[in-house]
Amino acid sequence: MADRRYTKTHEWVALDGKHATIGITDFAQSQLGDVVFLELPKPGRKLDIGETFGVVESVKAASDLYSPVAGRISEVNDKLASKPELINSDPFGDGWILKLELTGDLPSDLLDEDAYKKVTEANH
Amino acid sequence: MVDFGGWEMPQQYTSIRDEHFAVRKAAGLFDVSHMGRFRITGPSTTAFLQRLVTNDVSRLEQGQAQYNLMCNESGGIVDDLVVYCSEEGFLAVVNASNREKDLDWMRSHAPADVNIEDRTFELALVAFQGPEAERLLPSQGLHDLPYFGFRTRSVAGVPAVISRTGYTGEDGFEIMVGSERVGQVWDAILENGANRGILPAGLGARDAARLEAALRLWGNDMDETVNAYEAGLGWTVKLDKGEFVGREALQKVKSEGPRRKLVGLKMQPGDIARHGAAVSTGGRHLGVITSGTHSFFLGYPVALAMVEARSLSVGDRAVVEVRGREAPAEVVKLPFYRGSAHSFTEKKESRNG
């Protein structure tokens, strides 16, 4: 199991050396409700920490997606185009959004599981 | 859970998609106890209501309900409501967000011998909606209940007022019971329909279903600045029934023609048009989106837009602002989806004709 960290904006990042996989958290998907569409970038694009890289559109609202880390996109989850509901059913697994090759250091404000849990509890 | 007119309500119990499909294919059970319920009694109640609302209340017989608008002097919609005529008087069911405003409005127009009592907290209201609702409701003697008719029957042993009304476009019932026993009724309906495709359904499924059926939502598709004809609800306005609040203004709108109208838009997958988004053609602003969602059932997003009266017709193309860009839209006929409620009315009408 790769090491998973979280942001205050409810993205997660799983790290395996220089390879990062990112998605949105279970809390985020439960708040959004049924996801119907994702607007996502193409592989090759470089993202900065905190950069907006796409939009997740649920029945309730459109929400921006922010990159938790700096890196170059190596892969976009193509399955989400036809099955956006994977974000709801398996947010930490098949509902992953991007894979990145890290280009810089990790930001210092990424949260571990316990710290993220406190953020979601405060939002309830 | 979300706040809705001061009530804490579930957006969904499980999934909006599943709940919405349950309503269209079998039945969904909604808790709509947030809706305001007023009991209106006294010697001149009929005359009072006749002056207050747009439809002809004098045509109502006991056991019949009627869709109505309550307008201001300029013909703007204060609220939409269902008026029930019973042995003891009338009952009005109004929007949750307007309950207090409506109560003040009604009382300020009521003569001294009419009593308006807010029964919202003593009575609970659940809606059981879908093509299988009649078959799966644990109650008897409803098969010949006409659309917008109501009667007193027990549901799972609990005395209830059951009307053949709803807000989903499907056949189904709204069931009024004493608040203290609604849990029993709720559980019994779900238990009776277990493994038959029924689900408890939240606000998300309710909004999607009502929008597909093009049923207007007060606060989105109409409000005090929108008149009955603009909202496409001219059929509820009976100008020849005598004096009522807003009649003069509505008469004028009708003879001159409304300046705006509601149209239905079909959008491309992923382009959900949100309330307030601009609608235009060829760079010319025509109006705004009043309601929009993704229809899981139809497989594409749908929206209602309030536009200039002589602009868009069925088949026309328009553009809608979605996430800061222009998204293509096609004007389509309303409703987007015709559920079992309509086939039920048509059946009744053809029988009568």
# chains A, B, ... in the order shown; residues from 1 in each chain; ligands from 1

call {"tool": "residues_around", "arguments": {"residues": "B:Tyr300", "least_positions_apart": "6", "cutoff": "8 Å", "atoms": "only C-alpha atoms", "output": "list of chain:residue names"}}
result
B:Lys266, B:Met267, B:Gln268, B:Pro269, B:Gly270, B:His294

call {"tool": "interface_residues", "arguments": {"of": "chain B", "to": "chain A", "cutoff": "10 Å", "atoms": "only C-alpha atoms", "output": "number ranges by chain"}}
result
B: 1, 11-12, 14-18, 204-205, 208, 269-272, 274, 292-296, 299-301, 322-323

call {"tool": "select_by_dssp", "arguments": {"residues": "stretch 3-225 of chain B", "states": "strand (DSSP E)", "output": "PyMOL selection string"}}
result
chain B and resi 3-4+7-9+27-31+36-41+64-71+77-86+89-94+115-118+123-129+150-155+158-163+172-178+198-200

call {"tool": "residues_around", "arguments": {"residues": "stretch 101-114 of chain B", "least_positions_apart": "2", "cutoff": "7 Å", "atoms": "only C-alpha atoms", "output": "list of chain:residue names"}}
result
B:Ile40, B:Thr41, B:Gly42, B:Pro43, B:Ser44, B:Thr45, B:Phe48, B:Asn98, B:Arg99, B:Ile116

call {"tool": "write_last_selection", "arguments": {"atoms": "C-alpha atoms", "output": "PDB file, in the first residue's frame"}}
result
ATOM      1  CA  ILE B  40     -58.730  27.104   6.466  1.00  0.00           C
ATOM      2  CA  THR B  41     -62.208  27.166   8.010  1.00  0.00           C
ATOM      3  CA  GLY B  42     -65.099  29.509   8.611  1.00  0.00           C
ATOM      4  CA  PRO B  43     -68.351  30.583   6.920  1.00  0.00           C
ATOM      5  CA  SER B  44     -66.842  32.598   4.047  1.00  0.00           C
ATOM      6  CA  THR B  45     -63.831  30.366   3.347  1.00  0.00           C
ATOM      7  CA  PHE B  48     -62.038  34.130   0.595  1.00  0.00           C
ATOM      8  CA  ASN B  98     -42.812  30.318   1.826  1.00  0.00           C
ATOM      9  CA  ARG B  99     -44.737  28.960   4.800  1.00  0.00           C
ATOM     10  CA  ILE B 116     -56.235  29.966   9.118  1.00  0.00           C
TER      11      ILE B 116
END

call {"tool": "residues_around", "arguments": {"residues": "B:Phe148", "least_positions_apart": "4", "cutoff": "7 Å", "atoms": "only C-alpha atoms", "output": "list in words"}}
result
Gln64, Ala65, Gln66, Ser163, Arg164 and Thr165 of chain B

call {"tool": "residues_around", "arguments": {"residues": "stretch 107-111 of chain A", "least_positions_apart": "3", "cutoff": "7 Å", "atoms": "only C-alpha atoms", "output": "MDAnalysis selection string"}}
result
chainID A and resid 5:7 69 115:116

call {"tool": "closest_residue", "arguments": {"among": "A:Val76, A:Asp3, A:Asp16, A:Lys8", "to": "A:Ala122", "atoms": "only C-alpha atoms"}}
result
A:Lys8

call {"tool": "closest_residue", "arguments": {"among": "B:Leu137, B:Val161, B:Val263, B:Ala26", "to": "B:Cys85", "atoms": "only C-alpha atoms"}}
result
B:Val161

call {"tool": "residues_around", "arguments": {"residues": "B:Met35", "least_positions_apart": "2", "cutoff": "6 Å", "atoms": "only C-alpha atoms", "output": "PDB file with N, CA and C atoms, in the first residue's frame"}}
result
ATOM      1  N   VAL B  32     -42.013  14.543   2.596  1.00  0.00           N
ATOM      2  CA  VAL B  32     -42.222  15.937   2.199  1.00  0.00           C
ATOM      3  C   VAL B  32     -42.952  16.720   3.298  1.00  0.00           C
ATOM      4  N   SER B  33     -42.655  16.326   4.526  1.00  0.00           N
ATOM      5  CA  SER B  33     -43.281  16.980   5.691  1.00  0.00           C
ATOM      6  C   SER B  33     -42.862  18.432   5.838  1.00  0.00           C
ATOM      7  N   VAL B  94     -48.463  24.330   0.870  1.00  0.00           N
ATOM      8  CA  VAL B  94     -47.619  25.371   0.264  1.00  0.00           C
ATOM      9  C   VAL B  94     -46.143  24.990   0.359  1.00  0.00           C
ATOM     10  N   ASN B  95     -45.297  25.755  -0.342  1.00  0.00           N
ATOM     11  CA  ASN B  95     -43.856  25.507  -0.304  1.00  0.00           C
ATOM     12  C   ASN B  95     -43.264  25.822   1.066  1.00  0.00           C
ATOM     13  N   ALA B  96     -42.334  24.974   1.496  1.00  0.00           N
ATOM     14  CA  ALA B  96     -41.700  25.129   2.811  1.00  0.00           C
ATOM     15  C   ALA B  96     -41.063  26.506   2.968  1.00  0.00           C
TER      16      ALA B  96
END

call {"tool": "residues_around", "arguments": {"residues": "A:Thr25", "least_positions_apart": "3", "cutoff": "6 Å", "atoms": "only C-alpha atoms", "output": "MDAnalysis selection string"}}
result
chainID A and resid 10:11 28

call {"tool": "write_last_selection", "arguments": {"atoms": "C-alpha atoms", "output": "mmCIF file, in the first residue's frame"}}
result
data_model
loop_
_atom_site.group_PDB
_atom_site.id
_atom_site.type_symbol
_atom_site.label_atom_id
_atom_site.label_comp_id
_atom_site.auth_asym_id
_atom_site.auth_seq_id
_atom_site.Cartn_x
_atom_site.Cartn_y
_atom_site.Cartn_z
ATOM 1 C CA HIS A 10 -10.204 17.083 -0.278
ATOM 2 C CA GLU A 11 -7.819 15.615 -2.832
ATOM 3 C CA ALA A 28 -15.491 14.826 -1.032
#

call {"tool": "closest_residue", "arguments": {"among": "A:Gly50, A:Glu121, A:Ile87, A:Thr21", "to": "A:Ile73", "atoms": "only C-alpha atoms"}}
result
A:Thr21

call {"tool": "select_by_dssp", "arguments": {"residues": "chain A", "states": "helix (DSSP H, G or I)", "output": "PDB file with C-alpha atoms, in the first residue's frame"}}
result
ATOM      1  CA  ASP A  26     -14.522   9.634   0.064  1.00  0.00           C
ATOM      2  CA  PHE A  27     -15.659  12.639   2.111  1.00  0.00           C
ATOM      3  CA  ALA A  28     -15.491  14.826  -1.032  1.00  0.00           C
ATOM      4  CA  GLN A  29     -17.543  12.427  -3.134  1.00  0.00           C
ATOM      5  CA  SER A  30     -20.160  12.085  -0.395  1.00  0.00           C
ATOM      6  CA  GLN A  31     -20.478  15.869  -0.209  1.00  0.00           C
ATOM      7  CA  LEU A  32     -20.689  16.250  -3.994  1.00  0.00           C
ATOM      8  CA  LYS A  79     -12.575   5.118 -17.563  1.00  0.00           C
ATOM      9  CA  LEU A  80     -14.011   8.221 -15.912  1.00  0.00           C
ATOM     10  CA  ALA A  81     -15.196   9.560 -19.286  1.00  0.00           C
ATOM     11  CA  SER A  82     -17.763   6.782 -19.606  1.00  0.00           C
ATOM     12  CA  LEU A  86     -16.440   5.449 -10.205  1.00  0.00           C
ATOM     13  CA  ILE A  87     -15.630   8.630  -8.252  1.00  0.00           C
ATOM     14  CA  ASN A  88     -18.571   7.807  -5.978  1.00  0.00           C
ATOM     15  CA  SER A  89     -18.263   4.045  -5.806  1.00  0.00           C
ATOM     16  CA  GLU A 113      -5.009  10.363   7.703  1.00  0.00           C
ATOM     17  CA  ASP A 114      -5.612  11.647  11.246  1.00  0.00           C
ATOM     18  CA  ALA A 115      -5.100  15.322  10.386  1.00  0.00           C
ATOM     19  CA  TYR A 116      -7.426  14.999   7.376  1.00  0.00           C
ATOM     20  CA  LYS A 117     -10.055  13.326   9.502  1.00  0.00           C
ATOM     21  CA  LYS A 118     -10.019  16.378  11.771  1.00  0.00           C
ATOM     22  CA  VAL A 119     -10.611  18.624   8.730  1.00  0.00           C
ATOM     23  CA  THR A 120     -13.659  16.625   7.658  1.00  0.00           C
ATOM     24  CA  GLU A 121     -15.045  16.563  11.178  1.00  0.00           C
ATOM     25  CA  ALA A 122     -14.766  20.358  11.360  1.00  0.00           C
ATOM     26  CA  ASN A 123     -16.711  20.579   8.077  1.00  0.00           C
TER      27      ASN A 123
END

call {"tool": "decode", "arguments": {"residues": "stretch 30-71 of chain A", "atoms": "N, CA and C atoms", "output": "PDB file, in the first residue's frame"}}
result
ATOM      1  N   SER A  30     -18.876  12.143  -1.106  1.00  0.00           N
ATOM      2  CA  SER A  30     -20.160  12.085  -0.395  1.00  0.00           C
ATOM      3  C   SER A  30     -20.800  13.469  -0.315  1.00  0.00           C
ATOM      4  N   GLN A  31     -19.958  14.501  -0.237  1.00  0.00           N
ATOM      5  CA  GLN A  31     -20.478  15.869  -0.209  1.00  0.00           C
ATOM      6  C   GLN A  31     -20.985  16.303  -1.583  1.00  0.00           C
ATOM      7  N   LEU A  32     -20.302  15.858  -2.629  1.00  0.00           N
ATOM      8  CA  LEU A  32     -20.689  16.250  -3.994  1.00  0.00           C
ATOM      9  C   LEU A  32     -21.983  15.584  -4.441  1.00  0.00           C
ATOM     10  N   GLY A  33     -22.204  14.372  -3.998  1.00  0.00           N
ATOM     11  CA  GLY A  33     -23.327  13.595  -4.531  1.00  0.00           C
ATOM     12  C   GLY A  33     -22.921  12.973  -5.854  1.00  0.00           C
ATOM     13  N   ASP A  34     -23.896  12.413  -6.562  1.00  0.00           N
ATOM     14  CA  ASP A  34     -23.592  11.659  -7.776  1.00  0.00           C
ATOM     15  C   ASP A  34     -22.817  12.489  -8.800  1.00  0.00           C
ATOM     16  N   VAL A  35     -21.644  11.995  -9.154  1.00  0.00           N
ATOM     17  CA  VAL A  35     -20.806  12.681 -10.139  1.00  0.00           C
ATOM     18  C   VAL A  35     -21.288  12.309 -11.536  1.00  0.00           C
ATOM     19  N   VAL A  36     -21.420  13.305 -12.404  1.00  0.00           N
ATOM     20  CA  VAL A  36     -21.935  13.029 -13.748  1.00  0.00           C
ATOM     21  C   VAL A  36     -20.918  13.298 -14.845  1.00  0.00           C
ATOM     22  N   PHE A  37     -19.852  14.027 -14.538  1.00  0.00           N
ATOM     23  CA  PHE A  37     -18.922  14.409 -15.594  1.00  0.00           C
ATOM     24  C   PHE A  37     -17.632  14.941 -14.982  1.00  0.00           C
ATOM     25  N   LEU A  38     -16.506  14.659 -15.663  1.00  0.00           N
ATOM     26  CA  LEU A  38     -15.244  15.278 -15.249  1.00  0.00           C
ATOM     27  C   LEU A  38     -14.592  15.928 -16.460  1.00  0.00           C
ATOM     28  N   GLU A  39     -14.108  17.139 -16.248  1.00  0.00           N
ATOM     29  CA  GLU A  39     -13.345  17.830 -17.284  1.00  0.00           C
ATOM     30  C   GLU A  39     -11.887  17.705 -16.876  1.00  0.00           C
ATOM     31  N   LEU A  40     -11.100  16.959 -17.669  1.00  0.00           N
ATOM     32  CA  LEU A  40      -9.744  16.617 -17.243  1.00  0.00           C
ATOM     33  C   LEU A  40      -8.699  17.022 -18.283  1.00  0.00           C
ATOM     34  N   PRO A  41      -7.447  17.255 -17.838  1.00  0.00           N
ATOM     35  CA  PRO A  41      -6.392  17.683 -18.759  1.00  0.00           C
ATOM     36  C   PRO A  41      -5.834  16.497 -19.558  1.00  0.00           C
ATOM     37  N   LYS A  42      -4.912  16.796 -20.474  1.00  0.00           N
ATOM     38  CA  LYS A  42      -4.258  15.751 -21.283  1.00  0.00           C
ATOM     39  C   LYS A  42      -2.924  15.362 -20.633  1.00  0.00           C
ATOM     40  N   PRO A  43      -2.476  14.118 -20.836  1.00  0.00           N
ATOM     41  CA  PRO A  43      -1.145  13.740 -20.363  1.00  0.00           C
ATOM     42  C   PRO A  43      -0.082  14.662 -20.956  1.00  0.00           C
ATOM     43  N   GLY A  44       0.987  14.878 -20.186  1.00  0.00           N
ATOM     44  CA  GLY A  44       2.067  15.740 -20.660  1.00  0.00           C
ATOM     45  C   GLY A  44       2.043  17.114 -20.013  1.00  0.00           C
ATOM     46  N   ARG A  45       0.871  17.528 -19.573  1.00  0.00           N
ATOM     47  CA  ARG A  45       0.787  18.868 -18.969  1.00  0.00           C
ATOM     48  C   ARG A  45       1.492  18.899 -17.614  1.00  0.00           C
ATOM     49  N   LYS A  46       2.149  20.023 -17.338  1.00  0.00           N
ATOM     50  CA  LYS A  46       2.809  20.197 -16.040  1.00  0.00           C
ATOM     51  C   LYS A  46       1.889  20.940 -15.079  1.00  0.00           C
ATOM     52  N   LEU A  47       1.840  20.448 -13.863  1.00  0.00           N
ATOM     53  CA  LEU A  47       0.980  21.094 -12.858  1.00  0.00           C
ATOM     54  C   LEU A  47       1.823  21.586 -11.691  1.00  0.00           C
ATOM     55  N   ASP A  48       1.476  22.752 -11.179  1.00  0.00           N
ATOM     56  CA  ASP A  48       2.089  23.267  -9.955  1.00  0.00           C
ATOM     57  C   ASP A  48       1.265  22.850  -8.750  1.00  0.00           C
ATOM     58  N   ILE A  49       1.873  22.998  -7.593  1.00  0.00           N
ATOM     59  CA  ILE A  49       1.133  22.708  -6.365  1.00  0.00           C
ATOM     60  C   ILE A  49      -0.060  23.651  -6.258  1.00  0.00           C
ATOM     61  N   GLY A  50      -1.231  23.087  -6.064  1.00  0.00           N
ATOM     62  CA  GLY A  50      -2.438  23.906  -5.886  1.00  0.00           C
ATOM     63  C   GLY A  50      -3.050  24.383  -7.189  1.00  0.00           C
ATOM     64  N   GLU A  51      -2.475  23.997  -8.344  1.00  0.00           N
ATOM     65  CA  GLU A  51      -3.015  24.459  -9.621  1.00  0.00           C
ATOM     66  C   GLU A  51      -4.344  23.745  -9.936  1.00  0.00           C
ATOM     67  N   THR A  52      -5.280  24.501 -10.497  1.00  0.00           N
ATOM     68  CA  THR A  52      -6.547  23.915 -10.933  1.00  0.00           C
ATOM     69  C   THR A  52      -6.294  23.107 -12.195  1.00  0.00           C
ATOM     70  N   PHE A  53      -6.685  21.844 -12.174  1.00  0.00           N
ATOM     71  CA  PHE A  53      -6.428  21.038 -13.371  1.00  0.00           C
ATOM     72  C   PHE A  53      -7.698  20.485 -14.001  1.00  0.00           C
ATOM     73  N   GLY A  54      -8.827  20.702 -13.373  1.00  0.00           N
ATOM     74  CA  GLY A  54     -10.056  20.169 -13.957  1.00  0.00           C
ATOM     75  C   GLY A  54     -11.262  20.508 -13.109  1.00  0.00           C
ATOM     76  N   VAL A  55     -12.377  19.958 -13.539  1.00  0.00           N
ATOM     77  CA  VAL A  55     -13.650  20.226 -12.861  1.00  0.00           C
ATOM     78  C   VAL A  55     -14.385  18.905 -12.670  1.00  0.00           C
ATOM     79  N   VAL A  56     -14.940  18.726 -11.488  1.00  0.00           N
ATOM     80  CA  VAL A  56     -15.830  17.588 -11.287  1.00  0.00           C
ATOM     81  C   VAL A  56     -17.246  18.144 -11.163  1.00  0.00           C
ATOM     82  N   GLU A  57     -18.107  17.603 -12.019  1.00  0.00           N
ATOM     83  CA  GLU A  57     -19.482  18.104 -12.089  1.00  0.00           C
ATOM     84  C   GLU A  57     -20.383  17.040 -11.465  1.00  0.00           C
ATOM     85  N   SER A  58     -21.063  17.423 -10.378  1.00  0.00           N
ATOM     86  CA  SER A  58     -22.016  16.490  -9.780  1.00  0.00           C
ATOM     87  C   SER A  58     -23.409  17.052  -9.989  1.00  0.00           C
ATOM     88  N   VAL A  59     -24.399  16.286  -9.569  1.00  0.00           N
ATOM     89  CA  VAL A  59     -25.764  16.775  -9.692  1.00  0.00           C
ATOM     90  C   VAL A  59     -25.920  18.113  -8.962  1.00  0.00           C
ATOM     91  N   LYS A  60     -25.180  18.249  -7.851  1.00  0.00           N
ATOM     92  CA  LYS A  60     -25.341  19.442  -7.030  1.00  0.00           C
ATOM     93  C   LYS A  60     -24.574  20.658  -7.543  1.00  0.00           C
ATOM     94  N   ALA A  61     -23.323  20.459  -7.975  1.00  0.00           N
ATOM     95  CA  ALA A  61     -22.492  21.620  -8.293  1.00  0.00           C
ATOM     96  C   ALA A  61     -21.275  21.213  -9.109  1.00  0.00           C
ATOM     97  N   ALA A  62     -20.638  22.210  -9.703  1.00  0.00           N
ATOM     98  CA  ALA A  62     -19.346  22.004 -10.361  1.00  0.00           C
ATOM     99  C   ALA A  62     -18.265  22.442  -9.382  1.00  0.00           C
ATOM    100  N   SER A  63     -17.245  21.592  -9.176  1.00  0.00           N
ATOM    101  CA  SER A  63     -16.174  21.940  -8.245  1.00  0.00           C
ATOM    102  C   SER A  63     -14.829  21.802  -8.937  1.00  0.00           C
ATOM    103  N   ASP A  64     -13.931  22.764  -8.666  1.00  0.00           N
ATOM    104  CA  ASP A  64     -12.588  22.703  -9.244  1.00  0.00           C
ATOM    105  C   ASP A  64     -11.762  21.615  -8.570  1.00  0.00           C
ATOM    106  N   LEU A  65     -10.840  21.066  -9.346  1.00  0.00           N
ATOM    107  CA  LEU A  65      -9.886  20.095  -8.808  1.00  0.00           C
ATOM    108  C   LEU A  65      -8.515  20.762  -8.732  1.00  0.00           C
ATOM    109  N   TYR A  66      -7.816  20.562  -7.608  1.00  0.00           N
ATOM    110  CA  TYR A  66      -6.509  21.184  -7.400  1.00  0.00           C
ATOM    111  C   TYR A  66      -5.454  20.103  -7.246  1.00  0.00           C
ATOM    112  N   SER A  67      -4.283  20.351  -7.869  1.00  0.00           N
ATOM    113  CA  SER A  67      -3.213  19.367  -7.750  1.00  0.00           C
ATOM    114  C   SER A  67      -2.540  19.477  -6.387  1.00  0.00           C
ATOM    115  N   PRO A  68      -2.434  18.369  -5.662  1.00  0.00           N
ATOM    116  CA  PRO A  68      -1.790  18.414  -4.340  1.00  0.00           C
ATOM    117  C   PRO A  68      -0.268  18.533  -4.439  1.00  0.00           C
ATOM    118  N   VAL A  69       0.279  18.202  -5.612  1.00  0.00           N
ATOM    119  CA  VAL A  69       1.739  18.156  -5.778  1.00  0.00           C
ATOM    120  C   VAL A  69       2.114  18.790  -7.114  1.00  0.00           C
ATOM    121  N   ALA A  70       3.441  19.014  -7.318  1.00  0.00           N
ATOM    122  CA  ALA A  70       3.927  19.500  -8.610  1.00  0.00           C
ATOM    123  C   ALA A  70       4.404  18.309  -9.415  1.00  0.00           C
ATOM    124  N   GLY A  71       4.021  18.280 -10.700  1.00  0.00           N
ATOM    125  CA  GLY A  71       4.454  17.146 -11.512  1.00  0.00           C
ATOM    126  C   GLY A  71       3.957  17.242 -12.935  1.00  0.00           C
TER     127      GLY A  71
END
